[in-house]
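Asks: Next comes protein_12.csv, CSV, C-alpha atoms:
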chain,number,residue,atom,x,y,z
B,1,MET,CA,-1.7,19.7,16.2
B,2,ASN,CA,-4.9,18.3,14.6
B,3,LYS,CA,-6.0,14.6,15.0
B,4,GLU,CA,-5.1,13.8,11.4
B,5,GLN,CA,-1.5,15.0,11.8
B,6,GLU,CA,-1.2,13.2,15.1
B,7,LEU,CA,-2.2,9.9,13.4
B,8,LYS,CA,0.3,10.5,10.6
B,9,ASN,CA,3.0,11.1,13.1
B,10,VAL,CA,2.2,7.9,14.9
B,11,VAL,CA,2.4,5.9,11.6
B,12,LYS,CA,5.7,7.7,10.6
B,13,GLU,CA,7.4,6.9,13.9
B,14,ARG,CA,6.3,3.3,13.9
B,15,TYR,CA,7.3,2.7,10.3
B,16,ALA,CA,10.7,4.2,10.9
B,17,GLN,CA,11.2,1.6,13.6
B,18,ILE,CA,9.9,-1.1,11.3
B,19,ALA,CA,12.5,-0.2,8.7
B,20,GLY,CA,15.1,-1.6,11.0
B,21,GLN,CA,13.3,-4.8,11.7
B,22,GLY,CA,13.2,-8.1,9.7
B,23,LYS,CA,10.3,-9.8,8.0
B,24,ALA,CA,10.0,-12.5,10.7
B,25,GLU,CA,9.7,-9.8,13.4
B,26,ASN,CA,7.0,-7.9,11.5
B,27,ALA,CA,5.1,-11.0,10.6
B,28,ALA,CA,4.4,-11.7,14.3
B,29,SER,CA,2.1,-8.7,14.4
B,30,CYS,CA,-0.5,-6.9,12.3
B,31,CYS,CA,1.3,-4.9,9.5
B,32,GLY,CA,4.2,-4.5,11.9
B,33,ALA,CA,2.0,-3.3,14.8
B,34,THR,CA,3.5,-2.6,18.2
B,35,THR,CA,1.8,-5.5,19.9
B,36,PRO,CA,3.3,-8.9,18.7
B,37,SER,CA,1.2,-12.0,19.0
B,38,ASN,CA,2.3,-15.2,20.7
B,39,LYS,CA,0.9,-16.9,17.6
B,40,VAL,CA,2.6,-16.5,14.2
B,41,TYR,CA,0.3,-13.8,12.8
B,42,ASN,CA,0.9,-12.6,9.3
B,43,ILE,CA,-2.3,-11.2,7.8
B,44,MET,CA,-0.8,-11.4,4.3
B,45,MET,CA,-0.7,-15.2,4.1
B,46,ASP,CA,0.1,-14.9,0.4
B,47,ASP,CA,3.7,-14.5,-0.5
B,48,TYR,CA,5.8,-13.0,-3.3
B,49,ILE,CA,8.7,-15.4,-2.7
B,50,GLY,CA,9.6,-17.0,-6.0
B,51,THR,CA,8.0,-14.2,-8.0
B,52,GLU,CA,10.2,-12.7,-10.7
B,53,GLY,CA,11.8,-9.4,-9.4
B,54,TYR,CA,11.4,-10.4,-5.7
B,55,LEU,CA,14.2,-9.2,-3.4
B,56,LYS,CA,14.3,-10.7,0.1
B,57,GLU,CA,15.9,-7.7,1.7
B,58,ALA,CA,13.0,-5.5,0.4
B,59,ASP,CA,10.3,-7.7,1.9
B,60,LEU,CA,9.4,-6.5,5.4
B,61,GLY,CA,6.3,-8.7,5.6
B,62,LEU,CA,3.9,-5.7,5.8
B,63,GLY,CA,1.5,-6.4,3.0
B,64,CYS,CA,-2.1,-7.8,3.0
B,65,GLY,CA,-2.2,-8.9,-0.6
B,66,LEU,CA,-0.4,-9.3,-3.9
B,67,PRO,CA,-1.6,-6.4,-6.0
B,68,ILE,CA,1.2,-6.7,-8.6
B,69,GLN,CA,-0.3,-10.1,-9.6
B,70,PHE,CA,-3.6,-8.4,-10.5
B,71,ALA,CA,-2.2,-5.1,-11.8
B,72,LYS,CA,-2.1,-5.9,-15.6
B,73,ILE,CA,1.3,-4.1,-15.9
B,74,GLN,CA,2.6,-3.9,-19.4
B,75,LYS,CA,6.1,-3.5,-20.8
B,76,GLY,CA,7.0,0.2,-20.9
B,77,ASP,CA,4.4,1.3,-18.3
B,78,THR,CA,5.0,4.0,-15.7
B,79,VAL,CA,4.0,2.6,-12.4
B,80,VAL,CA,3.6,4.2,-9.0
B,81,ASP,CA,3.6,2.3,-5.7
B,82,LEU,CA,1.9,4.1,-2.8
B,83,GLY,CA,3.6,3.5,0.5
B,84,SER,CA,6.6,1.7,-1.1
B,85,GLY,CA,8.4,0.8,2.1
B,86,ALA,CA,11.7,-1.0,1.4
B,87,GLY,CA,10.8,-1.4,-2.3
B,88,ASN,CA,9.4,-4.9,-2.6
B,89,ASP,CA,6.4,-4.2,-4.8
B,90,CYS,CA,8.4,-1.7,-6.8
B,91,PHE,CA,11.1,-4.3,-7.8
B,92,ILE,CA,8.4,-6.8,-8.8
B,93,ALA,CA,6.6,-4.2,-10.8
B,94,ARG,CA,9.9,-3.3,-12.5
B,95,HIS,CA,10.2,-6.9,-13.8
B,96,GLU,CA,6.8,-6.3,-15.4
B,97,THR,CA,7.6,-2.9,-16.9
B,98,GLY,CA,11.0,-4.0,-18.1
B,99,SER,CA,13.9,-1.6,-18.6
B,100,GLU,CA,11.8,0.5,-21.0
B,101,GLY,CA,9.3,1.4,-18.2
B,102,LYS,CA,9.5,3.4,-15.0
B,103,VAL,CA,8.6,2.7,-11.4
B,104,ILE,CA,8.2,5.3,-8.7
B,105,GLY,CA,7.8,4.4,-5.1
B,106,ILE,CA,6.3,7.0,-2.7
B,107,ASP,CA,6.7,6.8,1.1
B,108,PHE,CA,6.7,9.5,3.8
B,109,THR,CA,9.1,7.7,6.1
B,110,PRO,CA,12.7,8.8,5.5
B,111,ALA,CA,14.2,5.5,6.9
B,112,MET,CA,12.1,3.5,4.4
B,113,ILE,CA,13.1,5.7,1.5
B,114,GLN,CA,16.8,5.3,2.5
B,115,LYS,CA,16.4,1.5,2.7
B,116,ALA,CA,14.6,1.3,-0.6
B,117,ARG,CA,17.2,3.4,-2.4
B,118,ALA,CA,20.0,1.2,-1.1
B,119,ASN,CA,18.1,-1.8,-2.4
B,120,ALA,CA,17.7,-0.2,-5.8
B,121,GLU,CA,21.4,0.7,-5.9
B,122,LYS,CA,22.2,-2.9,-5.1
B,123,LEU,CA,20.1,-4.1,-8.1
B,124,GLY,CA,21.5,-1.4,-10.4
B,125,TYR,CA,18.1,-0.2,-11.6
B,126,VAL,CA,18.1,3.2,-13.2
B,127,ASN,CA,14.4,3.3,-13.9
B,128,VAL,CA,13.2,2.7,-10.3
B,129,GLU,CA,13.2,5.8,-8.0
B,130,PHE,CA,11.8,6.5,-4.6
B,131,ARG,CA,10.3,9.9,-3.6
B,132,GLU,CA,9.6,11.1,-0.1
B,133,GLY,CA,6.1,12.4,0.3
B,134,ASP,CA,2.5,11.9,1.4
B,135,ILE,CA,0.3,9.8,-0.7
B,136,ASP,CA,-2.6,12.2,-0.1
B,137,ASN,CA,-0.4,14.9,-1.8
B,138,MET,CA,1.7,12.9,-4.3
B,139,PRO,CA,4.9,14.4,-5.8
B,140,VAL,CA,3.8,13.3,-9.2
B,141,ASN,CA,2.4,15.3,-12.2
B,142,ASP,CA,-1.2,15.2,-13.4
B,143,ASN,CA,-2.1,12.4,-16.0
B,144,ALA,CA,1.4,10.9,-15.8
B,145,VAL,CA,1.0,7.3,-14.7
B,146,ASP,CA,-0.3,4.1,-16.4
B,147,VAL,CA,-0.7,2.0,-13.3
B,148,ILE,CA,-0.9,2.6,-9.5
B,149,VAL,CA,-0.4,-0.2,-7.0
B,150,SER,CA,-0.5,-0.2,-3.2
B,151,ASN,CA,-0.2,-2.9,-0.5
B,152,CYS,CA,-1.9,-2.3,2.9
B,153,VAL,CA,-1.3,1.4,3.0
B,154,LEU,CA,-4.5,3.4,2.4
B,155,ASN,CA,-5.9,2.1,5.7
B,156,LEU,CA,-3.1,4.0,7.4
B,157,VAL,CA,-4.1,7.4,6.0
B,158,PRO,CA,-6.8,9.4,7.8
B,159,ASP,CA,-8.3,11.0,4.7
B,160,LYS,CA,-8.8,8.1,2.3
B,161,GLN,CA,-11.0,10.2,-0.1
B,162,LYS,CA,-8.1,12.6,-0.6
B,163,VAL,CA,-5.8,9.7,-1.5
B,164,ILE,CA,-8.3,8.3,-4.0
B,165,GLY,CA,-8.6,11.8,-5.5
B,166,GLU,CA,-4.9,12.0,-5.9
B,167,ILE,CA,-4.9,8.6,-7.6
B,168,TYR,CA,-7.4,9.9,-10.1
B,169,ARG,CA,-5.3,13.0,-10.7
B,170,VAL,CA,-2.0,11.3,-11.5
B,171,LEU,CA,-3.4,8.5,-13.6
B,172,LYS,CA,-3.5,8.9,-17.3
B,173,PRO,CA,-6.9,8.7,-19.0
B,174,GLY,CA,-7.6,5.0,-19.3
B,175,GLY,CA,-5.0,4.2,-16.6
B,176,HIS,CA,-5.9,1.9,-13.7
B,177,PHE,CA,-5.0,0.8,-10.2
B,178,SER,CA,-4.9,-2.4,-8.2
B,179,ILE,CA,-4.8,-1.9,-4.5
B,180,SER,CA,-4.7,-4.3,-1.6
B,181,ASP,CA,-6.1,-3.0,1.7
B,182,ILE,CA,-7.9,-3.7,4.9
B,183,VAL,CA,-11.6,-3.0,5.3
B,184,LEU,CA,-14.4,-3.7,7.7
B,185,VAL,CA,-17.9,-5.1,7.7
B,186,GLY,CA,-19.7,-4.0,10.9
B,187,ASP,CA,-18.2,-1.8,13.7
B,188,LEU,CA,-15.0,-2.4,15.6
B,189,PRO,CA,-15.2,-2.1,19.4
B,190,ASP,CA,-14.3,1.5,20.4
B,191,ALA,CA,-11.1,0.4,22.2
B,192,LEU,CA,-9.7,-1.0,19.0
B,193,ARG,CA,-11.0,1.8,16.8
B,194,GLU,CA,-9.6,4.6,19.0
B,195,ASP,CA,-6.2,3.3,19.9
B,196,ALA,CA,-3.4,5.1,18.0
B,197,GLU,CA,-0.9,2.2,18.2
B,198,MET,CA,-3.5,-0.2,16.7
B,199,TYR,CA,-4.1,2.5,14.0
B,200,ALA,CA,-0.4,2.2,13.1
B,201,GLY,CA,-1.0,-1.6,12.9
B,202,CYS,CA,-3.6,-1.1,10.1
B,203,VAL,CA,-6.8,-2.4,11.7
B,204,ALA,CA,-8.1,0.6,13.6
B,205,GLY,CA,-7.6,2.8,10.5
B,206,ALA,CA,-9.7,0.6,8.3
B,207,ILE,CA,-13.1,1.8,7.1
B,208,GLN,CA,-16.3,0.1,6.0
B,209,LYS,CA,-15.9,-1.9,2.8
B,210,SER,CA,-19.1,-0.3,1.4
B,211,ASP,CA,-17.7,3.2,2.1
B,212,TYR,CA,-14.3,2.3,0.6
B,213,LEU,CA,-15.9,1.2,-2.7
B,214,ASP,CA,-18.3,4.1,-2.7
B,215,TYR,CA,-15.3,6.6,-2.5
B,216,ILE,CA,-13.8,5.0,-5.6
B,217,LYS,CA,-17.1,5.1,-7.5
B,218,HIS,CA,-17.9,8.7,-6.6
B,219,MET,CA,-14.5,9.8,-7.7
B,220,GLY,CA,-15.5,8.7,-11.2
B,221,PHE,CA,-13.6,5.5,-11.6
B,222,GLN,CA,-15.2,2.8,-13.8
B,223,HIS,CA,-15.0,-1.0,-14.1
B,224,ILE,CA,-14.5,-1.3,-10.4
B,225,THR,CA,-13.7,-5.0,-9.6
B,226,LEU,CA,-13.0,-6.8,-6.4
B,227,GLN,CA,-10.1,-9.0,-7.5
B,228,LYS,CA,-9.6,-10.8,-4.2
B,229,GLU,CA,-11.1,-10.9,-0.8
B,230,LYS,CA,-10.2,-12.9,2.4
B,231,PRO,CA,-11.2,-12.7,6.0
B,232,ILE,CA,-8.7,-11.6,8.7
B,233,THR,CA,-8.6,-13.0,12.2
B,234,ILE,CA,-7.1,-11.1,15.1
B,235,PRO,CA,-5.6,-13.5,17.7
B,236,GLU,CA,-7.1,-13.2,21.1
B,237,ASP,CA,-3.7,-12.2,22.7
B,238,ILE,CA,-3.8,-9.0,20.6
B,239,LEU,CA,-7.5,-8.4,21.3
B,240,SER,CA,-7.0,-8.9,25.0
B,241,LYS,CA,-4.8,-5.7,25.1
B,242,TYR,CA,-7.9,-3.7,24.2
B,243,LEU,CA,-10.9,-5.7,25.4
B,244,THR,CA,-12.1,-7.6,28.4
B,245,ALA,CA,-12.4,-11.4,28.2
B,246,GLU,CA,-16.2,-10.9,27.8
B,247,GLU,CA,-15.7,-8.3,25.1
B,248,VAL,CA,-13.3,-10.6,23.2
B,249,SER,CA,-15.9,-13.4,23.3
B,250,ASP,CA,-18.6,-11.0,22.1
B,251,PHE,CA,-16.4,-9.7,19.4
B,252,ASN,CA,-15.6,-13.1,18.1
B,253,LYS,CA,-19.3,-14.0,18.0
B,254,GLY,CA,-20.3,-10.8,16.4
B,255,LYS,CA,-21.0,-9.8,12.9
B,256,THR,CA,-18.0,-7.6,12.5
B,257,GLY,CA,-15.6,-8.8,9.8
B,258,ILE,CA,-12.1,-7.6,9.0
B,259,PHE,CA,-11.1,-8.4,5.4
B,260,SER,CA,-8.2,-8.0,3.1
B,261,ILE,CA,-9.4,-6.9,-0.4
B,262,THR,CA,-7.7,-6.2,-3.7
B,263,VAL,CA,-9.6,-3.7,-5.7
B,264,TYR,CA,-9.2,-2.8,-9.4
B,265,ALA,CA,-10.6,0.3,-11.2
B,266,GLU,CA,-10.0,2.4,-14.3
B,267,LYS,CA,-9.9,6.1,-14.9
B,268,LYS,CA,-12.3,7.2,-17.7
B,269,GLY,CA,-10.7,7.9,-21.1
B,270,VAL,CA,-8.5,6.4,-23.7
B,271,LYS,CA,-4.9,5.7,-22.7
B,272,PRO,CA,-2.5,7.4,-25.1
B,273,LEU,CA,0.1,5.4,-26.9
B,274,LYS,CA,3.4,5.3,-25.1
B,275,PRO,CA,6.5,6.5,-26.9
B,276,LYS,CA,9.5,4.2,-26.9
B,277,VAL,CA,11.9,5.2,-24.1
B,278,ASN,CA,15.6,5.2,-24.8
B,279,LEU,CA,17.4,5.3,-21.4
B,280,THR,CA,20.7,6.2,-23.0
B,281,GLU,CA,19.2,9.3,-24.7
B,282,LEU,CA,17.7,10.2,-21.3
B,283,GLY,CA,21.1,10.3,-19.8
B,284,ALA,CA,20.6,7.1,-17.8
B,285,THR,CA,24.3,6.7,-17.1
B,286,ASP,CA,24.0,9.8,-14.9
B,287,CYS,CA,20.9,8.7,-13.1
B,288,THR,CA,20.7,7.2,-9.6
B,289,PRO,CA,17.6,5.5,-8.1
B,290,SER,CA,17.3,8.5,-5.8
B,291,SER,CA,17.2,11.1,-8.6
B,292,ARG,CA,14.3,12.2,-10.8
B,293,CYS,CA,16.2,12.4,-14.2
B,294,CYS,CA,14.9,9.1,-15.6
Let me see the structure of the file written as structure tokens.

Replies:
Amino acid sequence: MNKEQELKNVVKERYAQIAGQGKAENAASCCGATTPSNKVYNIMMDDYIGTEGYLKEADLGLGCGLPIQFAKIQKGDTVVDLGSGAGNDCFIARHETGSEGKVIGIDFTPAMIQKARANAEKLGYVNVEFREGDIDNMPVNDNAVDVIVSNCVLNLVPDKQKVIGEIYRVLKPGGHFSISDIVLVGDLPDALREDAEMYAGCVAGAIQKSDYLDYIKHMGFQHITLQKEKPITIPEDILSKYLTAEEVSDFNKGKTGIFSITVYAEKKGVKPLKPKVNLTELGATDCTPSSRCC
């Protein structure tokens, strides 16, 4: 088994466990990482609570931003959420698209897909569905999507360039994305960078901010905008698992920075006009959130 597949398996196993945990338990660690901090440590800091479409049961506290707030979603849009988890961002996006739009969540963890579908059934949404699959090989047609969102997920994928290529493929001409993610400025200590458990906790899988933005630019996206940026601090009781006391002190004094960023970019071209969708004509009464008929 190659290193990339090993890392994917680590993430899948960890997020299957996270699917059975609550938000408070996940918020005590980095993106639900295996090492909880004695301090309350939620790198998200922002919160969707009170936002239209928010469902408490779907919020596992795993995000590092609020991409839907920046995503410029319009009524009738087709939206894809990468790494959809229990469905939190999908349900908020559905409020923006309305009943005439469509929201597709993609996640490669079966337990998360099951949880998200149960939440969608509870809400009675026939235009929200969840597909099991890798975001570096999306189960979505070419040029099919108006908006892509993602919240603290690309950092978990070993081949980020491949994901960005997939985003370009499935977006319609003129379509756009808004993605929140974790990036670095400077180098992480080797012990943090190489540890597979920390990789599943999002920090060790992060890449340089400059490389991240270059991947987007080189793929051909335009109007690249950094919509939000904030520094992330790792508590010393997490760092101490990987570093000596002297190394922790050096790390905290160093020039290495860990940041949450929200990035916006557009695919070149002119977005086609959307036809009005009549869910009754599409047989919506026979659809379920787990099907693909809508």

Asks: How far is it from CA of Lys230 (chain B) to CA of Phe177 (chain B), in Å with one decimal?

Replies: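 Going from CA of Lys230 (chain B) over to CA of Phe177 (chain B), I get 19.3 Å.
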
Asks: Take CA of Ile261 (chain B) and CA of Ile49 (chain B) and report the distance between them in Å, one decimal.

Replies: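 Result for CA of Ile261 (chain B) versus CA of Ile49 (chain B): 20.1 Å, one decimal.
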
Asks: Could you tell me which of B:Ala71, B:Ala93, B:Phe130, B:Pro158 comes closest to Asn2 (chain B) if we count all atoms listed in the file?

Replies: B:Pro158

Asks: In Å to one decimal, how far is CA of Asp59 (chain B) from CA of Gly133 (chain B)?

Replies: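 Atom-to-atom, CA of Gly133 (chain B) to CA of Asp59 (chain B), that is 20.6 Å.
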
Asks: Looking at B:Arg117, B:Lys56, B:His176, B:His218, which one is nearest to Gln161 (chain B), with distances taken over only C-alpha atoms?

Replies: B:His218

Asks: Given all atoms listed in the file as the basis, pick out the residue of B:Gly205, B:Gly175, B:Pro110, B:Gly220 nearest to Ile258 (chain B).

Replies: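 Going through B:Gly205, B:Gly175, B:Pro110, B:Gly220 one by one, the smallest distance to Ile258 (chain B) is for B:Gly205.
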
Asks: I want to know what sits within 7 Å of region 142-152 of chain B, based on all atoms listed in the file, with residues of the same chain fewer than 6 positions away left out; could you give that as a VMD selection string?

Replies: chain B and resid 63 to 65 67 to 68 73 77 to 83 169 to 173 175 to 182

Asks: Identify which of the residues B:Val153, B:Ile167, B:Ala116, B:Leu226 lies closest to Asn141 (chain B), counting all atoms listed in the file when measuring atom-to-atom distances.

Replies: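 Looking at the shortest contact to Asn141 (chain B), the residue is B:Ile167.
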
Asks: Centre and edge lengths, as JSON, for the axis-aligned box enclosing every listed atom of region 115-130 of chain B with 4 Å of padding on each of the six sides, in Å to one decimal?

Replies:
{"center_x": 17.0, "center_y": 1.2, "center_z": -5.6, "size_x": 18.4, "size_y": 18.6, "size_z": 24.6}

Asks: Tell me which residues come within 12 Å of (12.1, -1.2, -17.6), as a tab-separated table (two decimals) with C-alpha atoms, keeping the file's coordinate frame, counting all atoms listed in the file in the file's coordinates.

Replies:
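Below is the file result-v1.tsv, written as the result:
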chain	number	residue	atom	x	y	z
B	53	GLY	CA	11.80	-9.40	-9.40
B	73	ILE	CA	1.30	-4.10	-15.90
B	74	GLN	CA	2.60	-3.90	-19.40
B	75	LYS	CA	6.10	-3.50	-20.80
B	76	GLY	CA	7.00	0.20	-20.90
B	77	ASP	CA	4.40	1.30	-18.30
B	78	THR	CA	5.00	4.00	-15.70
B	79	VAL	CA	4.00	2.60	-12.40
B	90	CYS	CA	8.40	-1.70	-6.80
B	91	PHE	CA	11.10	-4.30	-7.80
B	92	ILE	CA	8.40	-6.80	-8.80
B	93	ALA	CA	6.60	-4.20	-10.80
B	94	ARG	CA	9.90	-3.30	-12.50
B	95	HIS	CA	10.20	-6.90	-13.80
B	96	GLU	CA	6.80	-6.30	-15.40
B	97	THR	CA	7.60	-2.90	-16.90
B	98	GLY	CA	11.00	-4.00	-18.10
B	99	SER	CA	13.90	-1.60	-18.60
B	100	GLU	CA	11.80	0.50	-21.00
B	101	GLY	CA	9.30	1.40	-18.20
B	102	LYS	CA	9.50	3.40	-15.00
B	103	VAL	CA	8.60	2.70	-11.40
B	104	ILE	CA	8.20	5.30	-8.70
B	124	GLY	CA	21.50	-1.40	-10.40
B	125	TYR	CA	18.10	-0.20	-11.60
B	126	VAL	CA	18.10	3.20	-13.20
B	127	ASN	CA	14.40	3.30	-13.90
B	128	VAL	CA	13.20	2.70	-10.30
B	129	GLU	CA	13.20	5.80	-8.00
B	276	LYS	CA	9.50	4.20	-26.90
B	277	VAL	CA	11.90	5.20	-24.10
B	278	ASN	CA	15.60	5.20	-24.80
B	279	LEU	CA	17.40	5.30	-21.40
B	284	ALA	CA	20.60	7.10	-17.80
B	294	CYS	CA	14.90	9.10	-15.60

Asks: From the options B:Thr262, B:Tyr215, B:Glu166, B:Asn137, which residue's atoms come nearest to Lys228 (chain B), counting all atoms listed in the file?

Replies: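 For Lys228 (chain B), the nearest of the given residues is B:Thr262.
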
Asks: Identify which of the residues B:Glu52, B:Leu273, B:Gly105, B:Val185 lies closest to Gly254 (chain B), counting only C-alpha atoms when measuring atom-to-atom distances.

Replies: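 Selected residue with least distance to Gly254 (chain B): B:Val185.
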